[in-house]
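model-v4.cif (mmCIF, C-alpha atoms) appears below.
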data_final
#
loop_
_atom_site.label_atom_id
_atom_site.label_comp_id
_atom_site.auth_asym_id
_atom_site.auth_seq_id
_atom_site.Cartn_x
_atom_site.Cartn_y
_atom_site.Cartn_z
CA MET J 1 -83.35 62.36 137.29
CA GLY J 2 -81.48 65.51 138.32
CA ASP J 3 -78.93 63.43 140.21
CA LEU J 4 -78.25 61.37 137.12
CA PHE J 5 -77.70 64.53 135.09
CA VAL J 6 -75.23 65.85 137.66
CA LEU J 7 -73.45 62.49 137.71
CA SER J 8 -73.24 62.51 133.93
CA ILE J 9 -71.78 66.05 133.80
CA SER J 10 -69.24 65.30 136.50
CA CYS J 11 -68.13 62.11 134.72
CA ILE J 12 -67.72 63.81 131.35
CA PHE J 13 -66.04 67.06 132.38
CA ILE J 14 -64.90 67.25 136.00
CA ASN J 15 -63.58 63.75 136.49
CA ASN J 16 -62.71 63.26 132.83
CA ILE J 17 -61.36 59.77 132.51
CA LEU J 18 -58.31 60.75 130.44
CA LEU J 19 -57.36 64.16 131.73
CA ALA J 20 -58.27 63.99 135.41
CA GLN J 21 -58.17 60.27 136.25
CA PHE J 22 -55.39 59.28 133.83
CA LEU J 23 -57.02 56.07 132.67
CA GLY J 24 -56.62 54.90 129.08
CA ASN J 25 -53.62 57.03 128.26
CA CYS J 26 -51.86 54.52 126.01
CA PRO J 27 -54.58 54.61 123.31
CA PHE J 28 -54.92 58.36 124.00
CA LEU J 29 -51.38 58.90 122.70
CA GLY J 30 -51.41 55.99 120.28
CA THR J 31 -54.53 56.71 118.26
CA SER J 32 -54.60 60.51 118.33
CA LYS J 33 -52.28 61.26 115.44
CA LYS J 34 -55.15 61.22 112.96
CA MET J 35 -58.71 62.38 113.40
CA GLU J 36 -60.12 59.25 111.75
CA THR J 37 -58.50 56.81 114.16
CA ALA J 38 -59.43 59.02 117.10
CA VAL J 39 -63.10 58.95 116.13
CA GLY J 40 -62.95 55.17 115.59
CA MET J 41 -61.34 54.55 118.96
CA GLY J 42 -63.79 56.89 120.71
CA MET J 43 -66.80 55.08 119.25
CA ALA J 44 -65.38 51.64 120.05
CA VAL J 45 -64.75 52.66 123.67
CA ILE J 46 -68.32 54.02 124.08
CA PHE J 47 -69.73 50.80 122.64
CA VAL J 48 -67.66 48.40 124.76
CA LEU J 49 -67.60 50.43 127.96
CA VAL J 50 -71.40 50.71 128.23
CA MET J 51 -71.76 46.95 127.79
CA ALA J 52 -68.85 46.13 130.09
CA GLY J 53 -70.18 48.50 132.75
CA MET J 54 -73.55 46.76 132.78
CA ILE J 55 -72.21 43.21 132.69
CA THR J 56 -69.51 43.67 135.34
CA TRP J 57 -72.07 45.33 137.63
CA ILE J 58 -74.39 42.32 137.26
CA VAL J 59 -71.48 39.90 137.77
CA ASP J 60 -70.32 41.74 140.87
CA VAL J 61 -73.71 42.00 142.57
CA TYR J 62 -75.32 38.70 141.61
CA LEU J 63 -72.27 36.48 141.42
CA LEU J 64 -69.29 37.73 143.39
CA LYS J 65 -71.15 39.37 146.29
CA ALA J 66 -73.83 36.67 146.40
CA LEU J 67 -71.25 33.90 146.60
CA ASP J 68 -68.95 35.96 148.86
CA VAL J 69 -65.93 35.59 146.56
CA GLU J 70 -65.13 39.26 146.04
CA PHE J 71 -61.40 38.55 145.99
CA LEU J 72 -61.93 37.16 142.49
CA ARG J 73 -63.05 40.58 141.24
CA THR J 74 -59.90 41.49 139.30
CA VAL J 75 -59.67 38.09 137.58
CA SER J 76 -63.36 37.88 136.73
CA PHE J 77 -63.64 41.47 135.46
CA ILE J 78 -60.72 41.14 133.08
CA LEU J 79 -62.12 37.84 131.78
CA VAL J 80 -65.56 39.40 131.28
CA ILE J 81 -64.03 42.31 129.37
CA ALA J 82 -61.82 40.09 127.22
CA ALA J 83 -64.70 37.75 126.38
CA LEU J 84 -67.04 40.66 125.72
CA VAL J 85 -64.61 42.29 123.31
CA GLN J 86 -64.24 38.99 121.46
CA PHE J 87 -68.02 38.53 121.22
CA VAL J 88 -68.62 42.09 120.10
CA GLU J 89 -66.00 41.63 117.42
CA MET J 90 -67.55 38.41 116.09
CA PHE J 91 -71.08 39.82 116.30
CA LEU J 92 -70.20 42.99 114.40
CA LYS J 93 -68.26 41.08 111.77
CA LYS J 94 -71.31 38.92 111.02
CA SER J 95 -74.22 41.29 111.35
CA ILE J 96 -73.01 44.88 110.95
CA PRO J 97 -69.99 44.70 108.62
CA GLY J 98 -70.07 48.46 108.03
CA LEU J 99 -69.53 49.24 111.69
CA TYR J 100 -66.98 46.43 111.96
CA ALA J 101 -64.91 47.94 109.17
CA GLY J 102 -64.89 51.21 111.09
CA LEU J 103 -64.13 49.87 114.57
CA GLY J 104 -62.39 46.63 113.58
CA ILE J 105 -58.76 47.20 114.43
CA PHE J 106 -59.54 49.14 117.61
CA LEU J 107 -61.61 46.45 119.26
CA PRO J 108 -58.78 44.06 120.29
CA LEU J 109 -56.86 47.02 121.73
CA ILE J 110 -59.71 47.74 124.12
CA THR J 111 -59.06 44.64 126.23
CA THR J 112 -55.94 46.27 127.63
CA ASN J 113 -57.47 49.75 127.74
CA CYS J 114 -57.40 50.59 131.43
CA ALA J 115 -60.27 53.05 130.98
CA VAL J 116 -62.70 50.14 130.54
CA MET J 117 -61.45 48.15 133.53
CA GLY J 118 -61.04 51.36 135.55
CA VAL J 119 -64.62 52.54 135.07
CA CYS J 120 -65.98 49.09 135.94
CA LEU J 121 -63.97 49.20 139.18
CA ILE J 122 -65.04 52.79 139.94
CA ASN J 123 -68.72 51.79 139.50
CA ILE J 124 -68.28 49.12 142.16
CA LYS J 125 -66.16 51.25 144.48
CA GLU J 126 -68.66 54.12 144.47
CA GLU J 127 -71.49 51.61 145.09
CA TYR J 128 -73.58 52.92 142.20
CA SER J 129 -77.01 51.43 141.49
CA PHE J 130 -77.53 49.74 138.13
CA ILE J 131 -78.92 52.89 136.47
CA GLU J 132 -76.15 55.05 137.94
CA ALA J 133 -73.54 52.56 136.75
CA LEU J 134 -75.05 52.67 133.27
CA VAL J 135 -75.04 56.49 133.20
CA SER J 136 -71.51 56.75 134.58
CA SER J 137 -70.16 54.17 132.08
CA PHE J 138 -71.68 56.04 129.17
CA SER J 139 -70.57 59.45 130.45
CA TYR J 140 -67.02 58.37 131.16
CA ALA J 141 -66.83 56.86 127.69
CA ALA J 142 -68.27 60.03 126.14
CA GLY J 143 -65.68 62.05 128.07
CA PHE J 144 -62.98 59.75 126.71
CA GLY J 145 -64.21 60.31 123.16
CA LEU J 146 -64.46 64.07 123.67
CA ALA J 147 -60.93 64.42 125.04
CA LEU J 148 -59.50 62.11 122.39
CA ILE J 149 -61.11 64.01 119.52
CA LEU J 150 -60.09 67.40 120.94
CA PHE J 151 -56.53 66.15 121.36
CA ALA J 152 -56.41 64.68 117.85
CA GLY J 153 -57.58 68.00 116.44
CA VAL J 154 -54.77 69.87 118.17
CA ARG J 155 -52.21 67.22 117.34
CA GLU J 156 -52.96 67.35 113.62
CA ARG J 157 -51.95 71.01 113.77
CA VAL J 158 -48.86 70.39 115.90
CA ILE J 159 -47.47 68.09 113.20
CA LEU J 160 -47.36 71.08 110.85
CA ALA J 161 -45.45 73.22 113.32
CA ARG J 162 -41.69 73.29 113.66
CA VAL J 163 -40.85 71.51 116.90
CA PRO J 164 -37.32 71.31 118.39
CA LYS J 165 -35.85 67.87 117.74
CA PRO J 166 -35.73 66.38 121.26
CA LEU J 167 -39.31 67.46 121.85
CA GLN J 168 -40.73 65.78 118.79
CA ASP J 169 -43.55 63.24 118.73
CA THR J 170 -44.52 61.85 122.15
CA SER J 171 -42.86 64.55 124.16
CA ILE J 172 -44.70 67.45 122.53
CA GLY J 173 -47.83 65.28 122.50
CA LEU J 174 -47.71 64.94 126.27
CA MET J 175 -47.23 68.65 126.74
CA THR J 176 -50.18 69.37 124.46
CA ALA J 177 -52.23 66.94 126.53
CA GLY J 178 -51.11 68.85 129.63
CA LEU J 179 -52.47 72.09 128.20
CA ILE J 180 -55.80 70.44 127.33
CA ALA J 181 -55.92 69.01 130.86
CA LEU J 182 -55.33 72.55 132.14
CA THR J 183 -58.39 73.81 130.28
CA PHE J 184 -60.44 70.98 131.80
CA THR J 185 -59.52 72.07 135.32
CA VAL J 186 -61.87 75.08 134.93
CA PHE J 187 -64.82 72.68 135.16
CA ARG J 188 -63.84 71.93 138.75
CA GLY J 189 -66.25 73.21 141.35
CA MET J 190 -69.06 73.34 138.79
CA VAL J 191 -71.11 70.67 140.56
CA MET Z 1 -24.83 32.18 130.31
CA ALA Z 2 -24.24 34.52 133.23
CA GLN Z 3 -23.29 37.24 130.78
CA SER Z 4 -26.50 36.97 128.80
CA LEU Z 5 -28.50 36.98 132.04
CA VAL Z 6 -26.84 40.25 133.03
CA LYS Z 7 -27.65 41.61 129.59
CA GLU Z 8 -31.35 40.72 129.89
CA PHE Z 9 -31.39 42.32 133.31
CA THR Z 10 -29.64 45.57 132.45
CA LYS Z 11 -31.50 46.30 129.21
CA GLY Z 12 -34.60 47.16 131.25
CA LEU Z 13 -32.65 49.71 133.27
CA TRP Z 14 -31.53 51.98 130.44
CA ALA Z 15 -31.61 50.79 126.84
CA GLU Z 16 -35.24 49.64 126.90
CA ILE Z 17 -36.50 51.34 130.07
CA PRO Z 18 -40.24 50.77 129.65
CA LEU Z 19 -41.72 54.16 130.43
CA PHE Z 20 -39.29 56.41 128.58
CA ARG Z 21 -38.15 54.30 125.62
CA LEU Z 22 -41.19 52.23 124.83
CA VAL Z 23 -43.76 54.71 126.24
CA LEU Z 24 -45.78 51.89 127.77
CA GLY Z 25 -47.57 51.88 131.10
CA LEU Z 26 -48.48 55.54 131.02
CA CYS Z 27 -51.61 55.40 133.15
CA PRO Z 28 -50.01 54.48 136.49
CA ALA Z 29 -47.03 56.67 135.61
CA LEU Z 30 -49.19 59.76 135.31
CA ALA Z 31 -51.70 59.02 138.01
CA VAL Z 32 -49.70 57.89 141.02
CA THR Z 33 -46.56 60.02 140.74
CA LYS Z 34 -47.76 62.91 142.90
CA THR Z 35 -45.07 61.93 145.37
CA CYS Z 36 -41.89 59.93 145.04
CA GLU Z 37 -43.19 57.48 147.66
CA ASN Z 38 -46.27 56.58 145.62
CA GLY Z 39 -44.07 56.06 142.56
CA ILE Z 40 -41.81 53.66 144.45
CA GLY Z 41 -44.77 51.75 145.88
CA MET Z 42 -46.42 51.36 142.49
CA GLY Z 43 -43.10 50.39 140.93
CA VAL Z 44 -42.40 47.69 143.51
CA ALA Z 45 -45.91 46.25 143.11
CA THR Z 46 -45.50 46.16 139.32
CA THR Z 47 -42.03 44.60 139.64
CA PHE Z 48 -43.45 41.79 141.75
CA VAL Z 49 -46.16 41.06 139.20
CA LEU Z 50 -43.72 41.32 136.26
CA LEU Z 51 -41.18 38.95 137.84
CA PHE Z 52 -43.62 36.21 138.83
CA SER Z 53 -45.85 36.41 135.77
CA ASN Z 54 -42.75 36.22 133.56
CA ILE Z 55 -41.50 33.13 135.45
CA LEU Z 56 -44.86 31.37 135.28
CA VAL Z 57 -45.51 32.26 131.64
CA SER Z 58 -42.11 30.94 130.58
CA MET Z 59 -42.63 27.74 132.60
CA LEU Z 60 -45.97 27.12 130.91
CA ARG Z 61 -45.00 28.35 127.47
CA ASN Z 62 -44.98 24.88 125.89
CA ILE Z 63 -48.33 23.91 127.39
CA ILE Z 64 -50.35 27.02 126.54
CA PRO Z 65 -51.92 26.74 123.05
CA SER Z 66 -50.85 29.73 120.99
CA LYS Z 67 -54.40 30.65 119.98
CA VAL Z 68 -55.57 31.39 123.52
CA ARG Z 69 -52.23 32.54 124.87
CA ILE Z 70 -53.25 36.16 125.53
CA ALA Z 71 -56.22 35.07 127.64
CA CYS Z 72 -53.98 32.64 129.57
CA TYR Z 73 -51.35 35.34 130.16
CA ILE Z 74 -54.01 37.72 131.46
CA VAL Z 75 -55.32 35.13 133.92
CA ILE Z 76 -51.78 34.48 135.19
CA ILE Z 77 -51.14 38.21 135.56
CA ALA Z 78 -54.51 38.81 137.25
CA THR Z 79 -53.70 36.09 139.81
CA PHE Z 80 -50.46 37.77 140.83
CA VAL Z 81 -52.14 41.18 140.90
CA THR Z 82 -54.70 39.80 143.35
CA ILE Z 83 -51.87 38.48 145.54
CA VAL Z 84 -50.14 41.87 145.50
CA GLU Z 85 -53.41 43.58 146.36
CA PHE Z 86 -53.90 41.42 149.44
CA MET Z 87 -50.29 41.76 150.54
CA MET Z 88 -50.42 45.55 150.30
CA GLN Z 89 -53.73 45.63 152.14
CA ALA Z 90 -52.15 43.61 154.94
CA TYR Z 91 -48.71 45.21 155.27
CA THR Z 92 -48.78 48.70 153.72
CA TYR Z 93 -52.38 49.79 154.27
CA GLU Z 94 -51.79 53.54 153.86
CA LEU Z 95 -50.06 53.09 150.54
CA PHE Z 96 -52.82 50.70 149.50
CA LEU Z 97 -55.40 53.44 150.13
CA LYS Z 98 -53.37 56.05 148.24
CA LEU Z 99 -52.85 53.90 145.16
CA GLY Z 100 -56.52 52.87 145.16
CA ILE Z 101 -57.82 51.34 141.96
CA PHE Z 102 -54.42 51.55 140.32
CA ILE Z 103 -53.33 48.33 142.03
CA PRO Z 104 -56.00 46.13 140.36
CA LEU Z 105 -55.27 48.07 137.18
CA ILE Z 106 -51.76 46.56 137.00
CA VAL Z 107 -53.62 43.79 135.15
CA VAL Z 108 -54.09 46.03 132.15
CA ASN Z 109 -50.65 47.64 132.36
CA CYS Z 110 -49.24 47.09 128.88
CA VAL Z 111 -45.69 46.65 130.20
CA VAL Z 112 -46.62 43.43 132.00
CA LEU Z 113 -48.58 41.86 129.15
CA GLY Z 114 -45.99 43.17 126.70
CA ARG Z 115 -43.11 41.36 128.44
CA ALA Z 116 -45.13 38.14 128.71
CA GLU Z 117 -45.90 38.25 125.00
CA ALA Z 118 -42.58 39.56 123.69
CA PHE Z 119 -40.14 37.78 125.99
CA ALA Z 120 -41.38 35.23 128.51
CA GLY Z 121 -43.48 33.34 125.97
CA LYS Z 122 -40.36 32.61 123.91
CA ASN Z 123 -37.56 32.14 126.45
CA THR Z 124 -36.56 29.85 129.29
CA VAL Z 125 -37.21 30.57 132.94
CA LEU Z 126 -33.93 32.22 134.04
CA PRO Z 127 -33.65 34.83 131.27
CA SER Z 128 -37.37 35.58 131.68
CA ALA Z 129 -36.93 36.17 135.40
CA ALA Z 130 -33.94 38.45 134.70
CA ASP Z 131 -35.94 40.30 132.07
CA GLY Z 132 -38.95 40.73 134.36
CA LEU Z 133 -36.82 41.95 137.26
CA GLY Z 134 -34.86 44.37 135.09
CA MET Z 135 -37.94 45.81 133.44
CA GLY Z 136 -39.64 46.12 136.82
CA ILE Z 137 -36.71 47.96 138.36
CA GLY Z 138 -36.49 50.20 135.30
CA PHE Z 139 -40.19 50.99 135.64
CA THR Z 140 -39.71 51.73 139.35
CA LEU Z 141 -36.77 54.04 138.58
CA ALA Z 142 -38.83 55.91 136.00
CA LEU Z 143 -41.86 56.28 138.28
CA SER Z 144 -39.85 57.34 141.30
CA SER Z 145 -37.78 59.89 139.37
CA LEU Z 146 -40.92 61.41 137.83
CA GLY Z 147 -42.53 61.38 141.29
CA ALA Z 148 -39.47 63.03 142.82
CA VAL Z 149 -39.42 65.83 140.22
CA ARG Z 150 -43.15 66.50 140.57
CA GLU Z 151 -43.06 66.43 144.36
CA LEU Z 152 -39.96 68.64 144.62
CA ILE Z 153 -41.33 71.33 142.32
CA GLY Z 154 -44.99 70.99 143.24
CA ALA Z 155 -44.79 70.64 147.01
CA GLY Z 156 -41.18 71.44 147.86
CA THR Z 157 -40.64 68.15 149.68
CA LEU Z 158 -39.24 64.70 148.97
CA THR Z 159 -40.82 61.60 150.52
CA VAL Z 160 -39.28 58.19 150.03
CA TRP Z 161 -41.06 55.95 152.52
CA GLY Z 162 -43.48 56.13 155.42
CA GLY Z 163 -45.18 59.47 154.71
CA THR Z 164 -42.64 61.83 156.32
CA PRO Z 165 -40.53 63.92 153.93
CA ILE Z 166 -36.78 63.30 154.16
CA PHE Z 167 -35.99 66.62 152.52
CA THR Z 168 -37.74 69.98 152.46
CA ILE Z 169 -36.78 72.99 150.42
CA GLY Z 170 -36.32 76.09 152.66
CA HIS Z 171 -39.17 78.32 153.82
CA GLY Z 172 -38.66 80.87 151.08
CA TYR Z 173 -39.81 78.38 148.40
CA ILE Z 174 -43.36 78.84 147.14
CA PRO Z 175 -44.58 75.48 145.80
CA PHE Z 176 -45.60 75.41 142.15
CA HIS Z 177 -48.87 73.50 142.64
CA PHE Z 178 -49.37 73.02 138.93
CA MET Z 179 -46.87 70.14 138.98
CA VAL Z 180 -48.82 67.98 141.44
CA GLU Z 181 -52.12 68.69 139.67
CA ALA Z 182 -53.33 66.66 136.69
CA PRO Z 183 -51.86 68.85 133.88
CA GLY Z 184 -48.45 68.85 135.60
CA ALA Z 185 -48.28 65.07 135.20
CA PHE Z 186 -48.45 65.35 131.41
CA VAL Z 187 -46.03 68.26 131.20
CA GLY Z 188 -43.62 66.65 133.68
CA LEU Z 189 -43.47 63.39 131.75
CA GLY Z 190 -43.16 65.29 128.47
CA MET Z 191 -40.14 67.18 129.80
CA MET Z 192 -38.52 64.00 131.09
CA LEU Z 193 -38.98 62.34 127.69
CA CYS Z 194 -37.37 65.38 126.10
CA LEU Z 195 -34.44 65.11 128.52
CA MET Z 196 -34.05 61.40 127.74
CA ASN Z 197 -33.99 62.22 124.03
CA LEU Z 198 -31.31 64.86 124.60
CA ILE Z 199 -29.06 62.56 126.63
CA GLY Z 200 -29.58 59.24 124.94
CA LYS Z 201 -29.87 60.03 121.23
CA LYS Z 202 -28.00 57.35 119.37
#
Whole structure given in structure tokens:
Amino acid sequence: MGDLFVLSISCIFINNILLAQFLGNCPFLGTSKKMETAVGMGMAVIFVLVMAGMITWIVDVYLLKALDVEFLRTVSFILVIAALVQFVEMFLKKSIPGLYAGLGIFLPLITTNCAVMGVCLINIKEEYSFIEALVSSFSYAAGFGLALILFAGVRERVILARVPKPLQDTSIGLMTAGLIALTFTVFRGMV
Amino acid sequence: MAQSLVKEFTKGLWAEIPLFRLVLGLCPALAVTKTCENGIGMGVATTFVLLFSNILVSMLRNIIPSKVRIACYIVIIATFVTIVEFMMQAYTYELFLKLGIFIPLIVVNCVVLGRAEAFAGKNTVLPSAADGLGMGIGFTLALSSLGAVRELIGAGTLTVWGGTPIFTIGHGYIPFHFMVEAPGAFVGLGMMLCLMNLIGKK
């Protein structure tokens, strides 16, 4: 139990998926201009990543390793994620329209979100057990949401500030992200 | 014909250079550019995937049904990524270890899927190949220049291939470690974007 807690803390803060591992940076910059979209994207990533983490772990252990075809990992993982996103989208549209309206436009974007694929690959590379994989998927996704929401909060303020012309938009956004990443480095050495 | 091919090729080098103009493919750009060498390695791997996936996508563009085209593109890209992964494991093992999970992650690099969707799916084989090669080389240039800046400031060395630095700043230089750490990646890329805006404002 204690190990799982430590794993969870290290995935959320120390190895933060966005700020320390640099996975999922395209949606990080793309959806952080408004708080609403940031929250939507964060929720969608938590939802999909937990499911993708579980399914890819099962596929890897019971299918790829059992049949000794591990070289198909990249192809099969991306197919699993793409299919999963499609299913989740159809399922939500039918049964939970409220949630679908909130997450709707972010779901297709998640297929090419490298955070999802990246965490699935990390789970396999670190040889996590099923429970550990589940905890790490959720924690990485929570860390993604945390960083994204923090960043959106800062960015909403930056828009109001007077920024020199060549620095505007993405450039100042990246530097802001750098400062947030700097604050996250203090978590290092905590575990 | 030859002229338009040259145009497709050169647009990836400056006018539409993927990382700086379109701000696509950020994840590998930030993560692997601790040294110039890593940037070059990642760029070459991505170029290979871009070139061959563009060729194959444009060859199959009339056969692939438009409703499932994204899934088909991803399978094509994933195949070439797997090939690159094995080739790097066989011939450049050290680089393979350094780049780690970022090699399989070329699959989800938006530059590759973006070119398949925006260009190769609508054009014939030769222009698509020129486009893929140009974009790939542009991506490599961007990654290696960012890597060079970060390595020079952060470690005081410059490594192009094989792990030994070809250039070292004199002994008096105290490396600014911030630049090779995680936050330095964001700030470094932000400054390069700013520089691009200053030079290339139309």
Quiz prompt | the PyMOL selection byres ((chain Z) within 6 of (chain J)) applied to the shown file, residues as a ChimeraX atom specification | solution = /Z:27,31,78,108,182-183,186-187,190,193-194,197-198
Take the point (-40.9, 56.5, 141.5) in the file's coordinates, draw a sphere of radius 7 Å around it, and report as an mmCIF file with C-alpha atoms, in the coordinates of the input every protein, DNA or RNA residue with an atom inside or on it, counting all atoms listed in the file.
data_model
loop_
_atom_site.group_PDB
_atom_site.id
_atom_site.type_symbol
_atom_site.label_atom_id
_atom_site.label_comp_id
_atom_site.auth_asym_id
_atom_site.auth_seq_id
_atom_site.Cartn_x
_atom_site.Cartn_y
_atom_site.Cartn_z
ATOM 1 C CA THR Z 33 -46.560 60.020 140.740
ATOM 2 C CA CYS Z 36 -41.890 59.930 145.040
ATOM 3 C CA GLU Z 37 -43.190 57.480 147.660
ATOM 4 C CA ASN Z 38 -46.270 56.580 145.620
ATOM 5 C CA GLY Z 39 -44.070 56.060 142.560
ATOM 6 C CA ILE Z 40 -41.810 53.660 144.450
ATOM 7 C CA GLY Z 43 -43.100 50.390 140.930
ATOM 8 C CA THR Z 140 -39.710 51.730 139.350
ATOM 9 C CA LEU Z 141 -36.770 54.040 138.580
ATOM 10 C CA ALA Z 142 -38.830 55.910 136.000
ATOM 11 C CA LEU Z 143 -41.860 56.280 138.280
ATOM 12 C CA SER Z 144 -39.850 57.340 141.300
ATOM 13 C CA SER Z 145 -37.780 59.890 139.370
ATOM 14 C CA LEU Z 146 -40.920 61.410 137.830
ATOM 15 C CA GLY Z 147 -42.530 61.380 141.290
ATOM 16 C CA ALA Z 148 -39.470 63.030 142.820
#
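For the pair CA of Gly41 (chain Z) and CA of Val80 (chain J), the separation is 28.2 Å.
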Quiz prompt | From J:Leu63, J:Glu89, J:Glu132, J:Ile149, residue lying nearest Gly2 (chain J) [only C-alpha atoms] | solution = J:Glu132
Quiz item: Please, what distance in Å, to one decimal, runs between CA of Ala15 (chain Z) and CA of Ile199 (chain Z)?
Solution: 12.0 Å
Quiz item: Expanded to explicit residues, what is the PyMOL selection byres ((chain J and resi 33) around 10) for this file, as a ChimeraX atom specification?
Solution: /J:28-32,34-38,151-159,169,173
Quiz item: Rounded to one decimal in Å, what is the spacing between CA of Leu30 (chain Z) and CA of Ala185 (chain Z)?
Solution: 5.4 Å
For region 75-83 of chain J, I'd like the enclosing box, axis-aligned and padded by 8 Å on every side, reported as AutoDock Vina command-line options with centre and edge lengths in Å to one decimal.
--center_x -62.6 --center_y 40.0 --center_z 132.0 --size_x 21.9 --size_y 20.6 --size_z 27.2
Exercise. Just say which residues the PyMOL selection byres ((chain J and resi 3) around 12) picks in this file, as a PyMOL selection string.
Key: chain J and resi 1-2+4-10+128+131-132+135-136+191
Could you take the residues named above and write them with C-alpha atoms, as an mmCIF file, keeping the file's coordinate frame?
data_model
loop_
_atom_site.group_PDB
_atom_site.id
_atom_site.type_symbol
_atom_site.label_atom_id
_atom_site.label_comp_id
_atom_site.auth_asym_id
_atom_site.auth_seq_id
_atom_site.Cartn_x
_atom_site.Cartn_y
_atom_site.Cartn_z
ATOM 1 C CA MET J 1 -83.350 62.360 137.290
ATOM 2 C CA GLY J 2 -81.480 65.510 138.320
ATOM 3 C CA LEU J 4 -78.250 61.370 137.120
ATOM 4 C CA PHE J 5 -77.700 64.530 135.090
ATOM 5 C CA VAL J 6 -75.230 65.850 137.660
ATOM 6 C CA LEU J 7 -73.450 62.490 137.710
ATOM 7 C CA SER J 8 -73.240 62.510 133.930
ATOM 8 C CA ILE J 9 -71.780 66.050 133.800
ATOM 9 C CA SER J 10 -69.240 65.300 136.500
ATOM 10 C CA TYR J 128 -73.580 52.920 142.200
ATOM 11 C CA ILE J 131 -78.920 52.890 136.470
ATOM 12 C CA GLU J 132 -76.150 55.050 137.940
ATOM 13 C CA VAL J 135 -75.040 56.490 133.200
ATOM 14 C CA SER J 136 -71.510 56.750 134.580
ATOM 15 C CA VAL J 191 -71.110 70.670 140.560
#
Quiz prompt | Spatial neighbours of Gly102 (chain J), max dist 10 Å, only C-alpha atoms, sep filter under 6 positions, as a PyMOL selection string | solution = chain J and resi 36-37+39-41+43-44
Quiz item: Got a sec: who's within 7 Å of Ala130 (chain Z), counting all atoms listed in the file, leaving out chain neighbours fewer than 2 positions off, as an MDAnalysis selection string?
Solution: chainID Z and resid 5 8:9 126:128 132:134
Using all atoms listed in the file, list the residues that have an atom at most 9 Å from (-42.2, 78.3, 147.2), coordinates as in the file, as a CSV table (one decimal) with C-alpha atoms, keeping the file's coordinate frame.
chain,number,residue,atom,x,y,z
Z,153,ILE,CA,-41.3,71.3,142.3
Z,154,GLY,CA,-45.0,71.0,143.2
Z,155,ALA,CA,-44.8,70.6,147.0
Z,156,GLY,CA,-41.2,71.4,147.9
Z,169,ILE,CA,-36.8,73.0,150.4
Z,170,GLY,CA,-36.3,76.1,152.7
Z,171,HIS,CA,-39.2,78.3,153.8
Z,172,GLY,CA,-38.7,80.9,151.1
Z,173,TYR,CA,-39.8,78.4,148.4
Z,174,ILE,CA,-43.4,78.8,147.1
Z,175,PRO,CA,-44.6,75.5,145.8
Z,176,PHE,CA,-45.6,75.4,142.2
Can you pull out every residue within 7 Å of region 93-102 of chain Z, counting all atoms listed in the file, but drop anything in the same chain fewer than 4 positions away, and send it as a PDB file with C-alpha atoms, in the frame of the given file?
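Dumped to selection33.pdb:
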ATOM      1  CA  PRO Z  28     -50.010  54.480 136.490  1.00  0.00           C
ATOM      2  CA  VAL Z  32     -49.700  57.890 141.020  1.00  0.00           C
ATOM      3  CA  MET Z  88     -50.420  45.550 150.300  1.00  0.00           C
ATOM      4  CA  GLN Z  89     -53.730  45.630 152.140  1.00  0.00           C
ATOM      5  CA  ILE Z 106     -51.760  46.560 137.000  1.00  0.00           C
TER       6      ILE Z 106
END
Quiz item: Looking at Z:Leu56, Z:Val149, Z:Val111, Z:Ile166, which one is nearest to Leu19 (chain Z), with distances taken over all atoms listed in the file?
Solution: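 Counting all atoms listed in the file, the residue closest to Leu19 (chain Z) is Z:Val111.
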Quiz prompt | Nearest-residue call for Ile17 (chain J), choices J:Tyr100, J:Trp57, J:Phe47, J:Phe138, using all atoms listed in the file | solution =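 For Ile17 (chain J), the nearest of the candidates is J:Phe138.
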Quiz item: With all atoms listed in the file as the atoms that count, which of Z:Met59, Z:Ile74, Z:Val125, Z:Ala2 lies nearest to Cys110 (chain Z)?
Solution: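 When distances to Cys110 (chain Z) are compared using all atoms listed in the file, the smallest one comes from Z:Ile74.
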Reconstruct N, CA and C atoms of region 129-136 of chain Z from the incomplete input and present them as a CSV table (one decimal), in the frame of the given file.
chain,number,residue,atom,x,y,z
Z,129,ALA,N,-36.9,35.6,134.1
Z,129,ALA,CA,-36.9,36.2,135.4
Z,129,ALA,C,-36.0,37.4,135.4
Z,130,ALA,N,-34.9,37.3,134.8
Z,130,ALA,CA,-33.9,38.4,134.7
Z,130,ALA,C,-34.6,39.6,134.0
Z,131,ASP,N,-35.3,39.3,132.9
Z,131,ASP,CA,-35.9,40.3,132.1
Z,131,ASP,C,-37.0,41.0,132.9
Z,132,GLY,N,-37.9,40.2,133.6
Z,132,GLY,CA,-39.0,40.7,134.4
Z,132,GLY,C,-38.4,41.6,135.5
Z,133,LEU,N,-37.4,41.2,136.2
Z,133,LEU,CA,-36.8,42.0,137.3
Z,133,LEU,C,-36.2,43.3,136.7
Z,134,GLY,N,-35.5,43.2,135.6
Z,134,GLY,CA,-34.9,44.4,135.1
Z,134,GLY,C,-35.9,45.4,134.6
Z,135,MET,N,-36.9,44.9,133.9
Z,135,MET,CA,-37.9,45.8,133.4
Z,135,MET,C,-38.7,46.4,134.6
Z,136,GLY,N,-38.9,45.6,135.6
Z,136,GLY,CA,-39.6,46.1,136.8
Z,136,GLY,C,-38.9,47.2,137.5
